Structures are given as C-alpha cells and as structure tokens.
file coords08.cif (mmCIF, C-alpha atoms)
data_entry
loop_
_atom_site.group_PDB
_atom_site.id
_atom_site.type_symbol
_atom_site.label_atom_id
_atom_site.label_comp_id
_atom_site.auth_asym_id
_atom_site.auth_seq_id
_atom_site.Cartn_x
_atom_site.Cartn_y
_atom_site.Cartn_z
ATOM 1 C CA MET A 1 8.733 10.982 -17.540
ATOM 2 C CA ILE A 2 8.640 8.892 -14.397
ATOM 3 C CA VAL A 3 5.600 6.603 -14.137
ATOM 4 C CA PHE A 4 4.986 6.681 -10.403
ATOM 5 C CA GLU A 5 2.681 3.640 -10.306
ATOM 6 C CA ASP A 6 5.289 1.476 -12.078
ATOM 7 C CA GLY A 7 7.882 2.405 -9.445
ATOM 8 C CA ILE A 8 5.565 1.564 -6.541
ATOM 9 C CA GLU A 9 4.571 -1.710 -8.203
ATOM 10 C CA ALA A 10 8.263 -2.633 -8.572
ATOM 11 C CA LEU A 11 8.740 -1.912 -4.866
ATOM 12 C CA VAL A 12 5.679 -3.969 -3.789
ATOM 13 C CA ASN A 13 6.791 -6.862 -6.016
ATOM 14 C CA GLN A 14 9.992 -7.063 -3.943
ATOM 15 C CA ILE A 15 8.191 -7.302 -0.586
ATOM 16 C CA PRO A 16 8.709 -10.810 0.799
ATOM 17 C CA GLU A 17 5.759 -13.085 1.521
ATOM 18 C CA ILE A 18 3.930 -12.342 4.756
ATOM 19 C CA SER A 19 2.450 -15.424 6.469
ATOM 20 C CA ASN A 20 2.843 -17.290 3.151
ATOM 21 C CA PHE A 21 0.993 -14.648 1.128
ATOM 22 C CA LYS A 22 2.537 -12.337 -1.449
ATOM 23 C CA PRO A 23 1.116 -8.793 -1.447
ATOM 24 C CA HIS A 24 -0.557 -7.542 -4.630
ATOM 25 C CA PHE A 25 -0.461 -3.979 -5.968
ATOM 26 C CA HIS A 26 -2.943 -1.952 -7.950
ATOM 27 C CA TRP A 27 -4.054 1.671 -8.028
ATOM 28 C CA GLY A 28 -6.898 4.008 -8.951
ATOM 29 C CA ASP A 29 -10.243 5.264 -7.672
ATOM 30 C CA GLU A 30 -13.070 3.339 -5.938
ATOM 31 C CA THR A 31 -14.596 2.251 -9.249
ATOM 32 C CA GLU A 32 -11.284 0.783 -10.409
ATOM 33 C CA LEU A 33 -10.806 -0.838 -7.007
ATOM 34 C CA ASN A 34 -14.097 -2.718 -7.157
ATOM 35 C CA ARG A 35 -13.511 -3.726 -10.787
ATOM 36 C CA TYR A 36 -10.070 -5.068 -9.812
ATOM 37 C CA LEU A 37 -11.476 -7.030 -6.850
ATOM 38 C CA ALA A 38 -14.194 -8.549 -9.029
ATOM 39 C CA LEU A 39 -11.705 -9.626 -11.719
ATOM 40 C CA THR A 40 -8.909 -10.916 -9.479
ATOM 41 C CA GLU A 41 -9.309 -14.273 -7.741
ATOM 42 C CA MET A 42 -7.248 -13.751 -4.579
ATOM 43 C CA PRO A 43 -5.851 -10.202 -4.500
ATOM 44 C CA TYR A 44 -5.035 -10.223 -0.772
ATOM 45 C CA PRO A 45 -3.197 -8.827 0.995
ATOM 46 C CA ILE A 46 -3.444 -5.796 -1.249
ATOM 47 C CA VAL A 47 -1.486 -2.566 -1.440
ATOM 48 C CA TRP A 48 -3.790 -0.044 -3.099
ATOM 49 C CA LEU A 49 -2.519 3.373 -4.168
ATOM 50 C CA GLU A 50 -5.241 5.972 -4.535
ATOM 51 C CA ALA A 51 -5.031 8.099 -7.652
ATOM 52 C CA GLY A 52 -3.286 11.393 -6.927
ATOM 53 C CA LYS A 53 -1.483 14.475 -8.203
ATOM 54 C CA GLU A 54 2.242 14.549 -8.827
ATOM 55 C CA LYS A 55 4.714 17.400 -8.787
ATOM 56 C CA GLN A 56 7.102 16.885 -11.688
ATOM 57 C CA ASP A 57 10.619 18.309 -11.534
ATOM 58 C CA THR A 58 11.140 21.000 -14.143
ATOM 59 C CA LYS A 59 14.873 21.430 -13.513
ATOM 60 C CA GLY A 60 15.808 18.221 -15.304
ATOM 61 C CA LEU A 61 16.776 16.376 -12.103
ATOM 62 C CA GLY A 62 14.541 13.401 -12.899
ATOM 63 C CA LYS A 63 12.367 13.573 -9.774
ATOM 64 C CA VAL A 64 8.662 13.463 -9.061
ATOM 65 C CA THR A 65 6.936 13.981 -5.706
ATOM 66 C CA ARG A 66 3.494 12.715 -4.781
ATOM 67 C CA ASP A 67 1.336 12.906 -1.682
ATOM 68 C CA CYS A 68 0.283 9.270 -1.441
ATOM 69 C CA LYS A 69 -2.516 7.441 0.257
ATOM 70 C CA PHE A 70 -1.877 3.711 0.420
ATOM 71 C CA ILE A 71 -4.573 1.321 1.584
ATOM 72 C CA LEU A 72 -3.276 -2.020 2.844
ATOM 73 C CA ALA A 73 -6.083 -4.540 3.199
ATOM 74 C CA THR A 74 -7.074 -8.103 3.919
ATOM 75 C CA ARG A 75 -10.510 -9.619 3.443
ATOM 76 C CA GLU A 76 -12.439 -10.419 6.613
ATOM 77 C CA GLU A 77 -15.589 -12.360 5.870
ATOM 78 C CA ASN A 78 -17.087 -12.183 9.365
ATOM 79 C CA SER A 79 -18.316 -8.669 10.135
ATOM 80 C CA ASP A 80 -19.365 -9.745 13.649
ATOM 81 C CA GLN A 81 -15.793 -10.192 14.880
ATOM 82 C CA LEU A 82 -14.618 -7.756 17.543
ATOM 83 C CA ASN A 83 -11.482 -5.685 17.166
ATOM 84 C CA ASN A 84 -9.413 -7.951 19.466
ATOM 85 C CA TYR A 85 -9.969 -10.828 17.026
ATOM 86 C CA ARG A 86 -9.175 -8.572 14.080
ATOM 87 C CA LEU A 87 -6.001 -7.334 15.786
ATOM 88 C CA ARG A 88 -4.680 -10.895 16.182
ATOM 89 C CA ASN A 89 -5.856 -12.295 12.846
ATOM 90 C CA SER A 90 -5.651 -9.422 10.373
ATOM 91 C CA TYR A 91 -3.345 -6.798 11.836
ATOM 92 C CA ASP A 92 -0.712 -8.854 13.665
ATOM 93 C CA LYS A 93 -0.455 -11.516 10.932
ATOM 94 C CA PHE A 94 -0.667 -9.397 7.783
ATOM 95 C CA LEU A 95 -1.341 -5.688 7.954
ATOM 96 C CA ASN A 96 1.199 -4.457 10.528
ATOM 97 C CA PRO A 97 4.075 -6.424 8.933
ATOM 98 C CA LEU A 98 2.971 -5.229 5.474
ATOM 99 C CA ALA A 99 2.886 -1.594 6.650
ATOM 100 C CA ASP A 100 6.378 -1.998 8.132
ATOM 101 C CA ARG A 101 7.667 -3.514 4.886
ATOM 102 C CA LEU A 102 6.099 -0.843 2.688
ATOM 103 C CA ILE A 103 7.638 2.005 4.716
ATOM 104 C CA GLU A 104 10.971 0.150 4.890
ATOM 105 C CA GLY A 105 10.822 -0.389 1.129
ATOM 106 C CA ILE A 106 10.088 3.261 0.358
ATOM 107 C CA LYS A 107 13.103 4.241 2.469
ATOM 108 C CA LYS A 108 15.474 1.606 1.016
ATOM 109 C CA PHE A 109 14.420 1.295 -2.628
ATOM 110 C CA SER A 110 16.907 2.972 -4.950
ATOM 111 C CA ILE A 111 14.240 5.045 -6.713
ATOM 112 C CA THR A 112 12.056 6.147 -3.755
ATOM 113 C CA SER A 113 12.356 8.067 -0.524
ATOM 114 C CA LEU A 114 10.019 9.558 2.036
ATOM 115 C CA ASN A 115 9.814 13.265 1.368
ATOM 116 C CA SER A 116 9.616 13.984 5.111
ATOM 117 C CA ARG A 117 10.318 12.087 8.305
ATOM 118 C CA GLU A 118 6.646 11.725 9.093
ATOM 119 C CA TYR A 119 3.800 9.626 7.775
ATOM 120 C CA THR A 120 0.281 8.992 9.040
ATOM 121 C CA LEU A 121 -0.904 5.453 9.715
ATOM 122 C CA ARG A 122 -4.511 4.660 10.588
ATOM 123 C CA LYS A 123 -6.221 1.323 11.290
ATOM 124 C CA TYR A 124 -9.705 0.601 9.937
ATOM 125 C CA PRO A 125 -11.338 -2.594 11.189
ATOM 126 C CA ASN A 126 -14.400 -3.147 8.987
ATOM 127 C CA TYR A 127 -13.139 -0.538 6.505
ATOM 128 C CA SER A 128 -15.953 1.793 5.482
ATOM 129 C CA LYS A 129 -16.873 5.431 4.988
ATOM 130 C CA ALA A 130 -19.822 6.732 7.030
ATOM 131 C CA GLY A 131 -20.934 3.160 7.736
ATOM 132 C CA GLU A 132 -21.070 2.235 4.037
ATOM 133 C CA SER A 133 -18.670 -0.350 2.684
ATOM 134 C CA VAL A 134 -16.237 1.194 0.228
ATOM 135 C CA THR A 135 -15.453 -2.095 -1.474
ATOM 136 C CA ILE A 136 -17.346 -5.142 -2.670
ATOM 137 C CA ASP A 137 -15.392 -7.129 -0.060
ATOM 138 C CA LEU A 138 -15.337 -6.595 3.688
ATOM 139 C CA TRP A 139 -11.891 -5.347 4.687
ATOM 140 C CA ASP A 140 -9.651 -4.842 7.626
ATOM 141 C CA ALA A 141 -7.287 -2.126 6.490
ATOM 142 C CA ILE A 142 -4.486 0.277 7.310
ATOM 143 C CA THR A 143 -4.060 3.554 5.474
ATOM 144 C CA ILE A 144 -0.663 5.184 5.160
ATOM 145 C CA GLU A 145 -0.458 8.790 4.043
ATOM 146 C CA CYS A 146 2.972 10.093 3.137
ATOM 147 C CA SER A 147 4.863 12.144 0.613
ATOM 148 C CA VAL A 148 7.057 10.007 -1.631
ATOM 149 C CA GLN A 149 9.778 11.254 -3.928
ATOM 150 C CA MET A 150 10.720 9.095 -6.894
ATOM 151 C CA ASN A 151 13.780 9.493 -9.094
ATOM 152 C CA THR A 152 15.215 7.964 -12.249
ATOM 153 C CA ASN A 153 17.973 5.942 -10.536
ATOM 154 C CA CYS A 154 18.415 2.333 -11.585
ATOM 155 C CA GLN A 155 16.144 -0.008 -9.644
ATOM 156 C CA LYS A 156 18.091 -2.229 -7.283
ATOM 157 C CA ILE A 157 17.044 -5.192 -5.189
ATOM 158 C CA ILE A 158 16.077 -4.187 -1.631
ATOM 159 C CA LYS A 159 17.992 -5.830 1.229
ATOM 160 C CA TRP A 160 15.207 -6.512 3.722
ATOM 161 C CA GLN A 161 15.677 -6.637 7.470
ATOM 162 C CA LYS A 162 14.960 -10.021 9.044
ATOM 163 C CA LYS A 163 11.517 -10.248 10.640
#

call {"tool": "encode", "arguments": {"input": "coords08.cif", "output": "structure tokens"}}
result
Amino acid sequence: MIVFEDGIEALVNQIPEISNFKPHFHWGDETELNRYLALTEMPYPIVWLEAGKEKQDTKGLGKVTRDCKFILATREENSDQLNNYRLRNSYDKFLNPLADRLIEGIKKFSITSLNSREYTLRKYPNYSKAGESVTIDLWDAITIECSVQMNTNCQKIIKWQKK
C-alpha cells in the first residue's frame, strides 16, 4: 500500500530553502494542526496537507489518487497590516515561491503527478474561516487544491529550476 503522506513529505523535504527557511510538512485535521503548532518551535513556512480520501488502484498498477488541499502558511504576528504589506513580506518572499516549488515538485517527482492540468490556488491574508482564526497562530496562507496521483516508482532527487 502506498502511504500518501510519506510521499508528499519526501517531496517537501526536497524543496530548497526559500529566503533561508526550509519548509516543514505535516498533515491532518484542525485539531492535529494546532497540536503540531503548539509542539513545534518554528514550523514555518509550513506545507499542511488536510486529511482526505484516496482512491486506491485495484488493478495492481501501484497507484493511488487523492484530491488534495494543501495549505502553505507563514506566521504574521501583526494583524493590523494591510494586504500590500502582506503581499511584499509574506507572499512575495515565501508563499508564492513555495507554491511554485510545490507544484513543480508534484510534476517532477518520480512518484507523483498532477491528475489533471488544472489546480486551484487561493490567497488568504489573515487566514480564517468566517472571521474566526483556524489556528493558534495568525497566518498568511495560500491554499492549493489539486488531484495528485502517486505511484510506487523509486523516489529520485528532483532537479529544480533556478529561481
């Protein structure tokens, strides 16, 4: 059986540092997210994979497909900042390059591929749901929703494009 989270973690671990910070990976529901943030000293930038359903291959081809929701986040301690500040300091420095690298990695990693040509990307300054903070930290975030197919190929090192 393919363990989807292990494959995504292996991909994220290969993403190069962004502005001198290495992205961290974890997954689960909101309860697990807040437990992880409380236990981890500096988990940012973070690539969070929401828990989800997988379609396992029954033909013995060694493939699994999952509709994924990734949350890419940085901590922003000042909730009074306007979006122009957030764009320059959170999105341009960390989140946009991280989103580019994650999508590039899914396409190039030997065990993953996008299941379609499309994905949905959404920016969330002051990440919240209905005005309530989702996390114990204040975030600037990007969500990426896509369908990812994973296979049992050998994991190979990704050759990243220069940025």

call {"tool": "closest_atom_pairs", "arguments": {"input": "coords08.cif", "of": "segment 105-149 of chain A", "to": "segment 64-70 of chain A", "cutoff": "9 Å", "atoms": "all atoms listed in the file", "output": "Markdown table"}}
result
| residue | atom | partner | partner_atom | distance |
| --- | --- | --- | --- | --- |
| A:Asn115 | CA | A:Thr65 | CA | 7.7 |
| A:Ile142 | CA | A:Phe70 | CA | 8.1 |
| A:Thr143 | CA | A:Phe70 | CA | 5.5 |
| A:Ile144 | CA | A:Phe70 | CA | 5.1 |
| A:Glu145 | CA | A:Lys69 | CA | 4.5 |
| A:Cys146 | CA | A:Cys68 | CA | 5.4 |
| A:Ser147 | CA | A:Asp67 | CA | 4.3 |
| A:Val148 | CA | A:Arg66 | CA | 5.5 |
| A:Gln149 | CA | A:Thr65 | CA | 4.3 |

call {"tool": "write_last_selection", "arguments": {"input": "coords08.cif", "atoms": "C-alpha atoms", "output": "PDB file, in the frame of the given file"}}
result
ATOM      1  CA  ASN A 115       9.814  13.265   1.368  1.00  0.00           C
ATOM      2  CA  ILE A 142      -4.486   0.277   7.310  1.00  0.00           C
ATOM      3  CA  THR A 143      -4.060   3.554   5.474  1.00  0.00           C
ATOM      4  CA  ILE A 144      -0.663   5.184   5.160  1.00  0.00           C
ATOM      5  CA  GLU A 145      -0.458   8.790   4.043  1.00  0.00           C
ATOM      6  CA  CYS A 146       2.972  10.093   3.137  1.00  0.00           C
ATOM      7  CA  SER A 147       4.863  12.144   0.613  1.00  0.00           C
ATOM      8  CA  VAL A 148       7.057  10.007  -1.631  1.00  0.00           C
ATOM      9  CA  GLN A 149       9.778  11.254  -3.928  1.00  0.00           C
TER      10      GLN A 149
END

call {"tool": "closest_residue", "arguments": {"input": "coords08.cif", "among": "A:Ala141, A:Val3, A:Leu121, A:Ile158", "to": "Pro45 of chain A", "atoms": "all atoms listed in the file"}}
result
A:Ala141

call {"tool": "atom_distance", "arguments": {"input": "coords08.cif", "atom1": "atom CA of Lys55 of chain A", "atom2": "atom CA of Asn96 of chain A"}}
result
29.4 Å

call {"tool": "atom_distance", "arguments": {"input": "coords08.cif", "atom1": "atom CA of Tyr127 of chain A", "atom2": "atom CA of Gln14 of chain A"}}
result
26.2 Å

call {"tool": "closest_residue", "arguments": {"input": "coords08.cif", "among": "A:Leu82, A:Ile111, A:Ile15, A:Leu33", "to": "Pro97 of chain A", "atoms": "only C-alpha atoms"}}
result
A:Ile15

call {"tool": "atom_distance", "arguments": {"input": "coords08.cif", "atom1": "atom CA of Phe21 of chain A", "atom2": "atom CA of Lys156 of chain A"}}
result
22.7 Å

call {"tool": "resolve_selection", "arguments": {"input": "coords08.cif", "expression": "the PyMOL selection byres ((chain A and resi 58-62) around 10)", "output": "tab-separated table (two decimals) with C-alpha atoms, in the frame of the given file"}}
result
chain	number	residue	atom	x	y	z
A	1	MET	CA	8.73	10.98	-17.54
A	2	ILE	CA	8.64	8.89	-14.40
A	55	LYS	CA	4.71	17.40	-8.79
A	56	GLN	CA	7.10	16.89	-11.69
A	57	ASP	CA	10.62	18.31	-11.53
A	63	LYS	CA	12.37	13.57	-9.77
A	64	VAL	CA	8.66	13.46	-9.06
A	150	MET	CA	10.72	9.10	-6.89
A	151	ASN	CA	13.78	9.49	-9.09
A	152	THR	CA	15.22	7.96	-12.25
A	153	ASN	CA	17.97	5.94	-10.54

call {"tool": "residues_around", "arguments": {"input": "coords08.cif", "residues": "Leu95 of chain A", "least_positions_apart": "4", "cutoff": "7 Å", "atoms": "only C-alpha atoms", "output": "PyMOL selection string"}}
result
chain A and resi 72-73+90-91+99+142

call {"tool": "resolve_selection", "arguments": {"input": "coords08.cif", "expression": "the PyMOL selection byres ((chain A and resi 10-12) around 8)", "output": "short mmCIF file (atom, residue, chain, number, x, y, z; two decimals) with C-alpha atoms, keeping the file's coordinate frame"}}
result
data_model
loop_
_atom_site.label_atom_id
_atom_site.label_comp_id
_atom_site.auth_asym_id
_atom_site.auth_seq_id
_atom_site.Cartn_x
_atom_site.Cartn_y
_atom_site.Cartn_z
CA ASP A 6 5.29 1.48 -12.08
CA GLY A 7 7.88 2.40 -9.44
CA ILE A 8 5.56 1.56 -6.54
CA GLU A 9 4.57 -1.71 -8.20
CA ASN A 13 6.79 -6.86 -6.02
CA GLN A 14 9.99 -7.06 -3.94
CA ILE A 15 8.19 -7.30 -0.59
CA PRO A 23 1.12 -8.79 -1.45
CA HIS A 24 -0.56 -7.54 -4.63
CA PHE A 25 -0.46 -3.98 -5.97
CA VAL A 47 -1.49 -2.57 -1.44
CA LEU A 102 6.10 -0.84 2.69
CA GLY A 105 10.82 -0.39 1.13
CA ILE A 106 10.09 3.26 0.36
CA PHE A 109 14.42 1.30 -2.63
#

call {"tool": "residues_around", "arguments": {"input": "coords08.cif", "residues": "Leu138 of chain A", "least_positions_apart": "6", "cutoff": "10 Å", "atoms": "all atoms listed in the file", "output": "PyMOL selection string"}}
result
chain A and resi 73-79+125-128

call {"tool": "closest_residue", "arguments": {"input": "coords08.cif", "among": "A:Glu5, A:Gln161, A:Ser116, A:Asp100", "to": "Lys53 of chain A", "atoms": "only C-alpha atoms"}}
result
A:Glu5

call {"tool": "axis_aligned_box", "arguments": {"input": "coords08.cif", "around": "segment 95-100 of chain A", "padding_each_side": "6 Å", "output": "lines of an AutoDock Vina configuration file"}}
result
center_x = 2.5
center_y = -4.0
center_z = 8.0
size_x = 19.7
size_y = 16.8
size_z = 17.1

call {"tool": "closest_residue", "arguments": {"input": "coords08.cif", "among": "A:Arg86, A:Thr135, A:Arg101, A:Lys108", "to": "Lys162 of chain A", "atoms": "all atoms listed in the file"}}
result
A:Arg101

call {"tool": "closest_residue", "arguments": {"input": "coords08.cif", "among": "A:Arg122, A:Arg35, A:Arg88, A:Lys93", "to": "Glu17 of chain A", "atoms": "all atoms listed in the file"}}
result
A:Lys93

call {"tool": "resolve_selection", "arguments": {"input": "coords08.cif", "expression": "the PyMOL selection byres ((chain A and resi 27-30) around 6)", "output": "PyMOL selection string"}}
result
chain A and resi 26+31-33+48-51

call {"tool": "closest_residue", "arguments": {"input": "coords08.cif", "among": "A:Ser19, A:Asn83, A:Asn89, A:Asn34", "to": "Ile136 of chain A", "atoms": "all atoms listed in the file"}}
result
A:Asn34
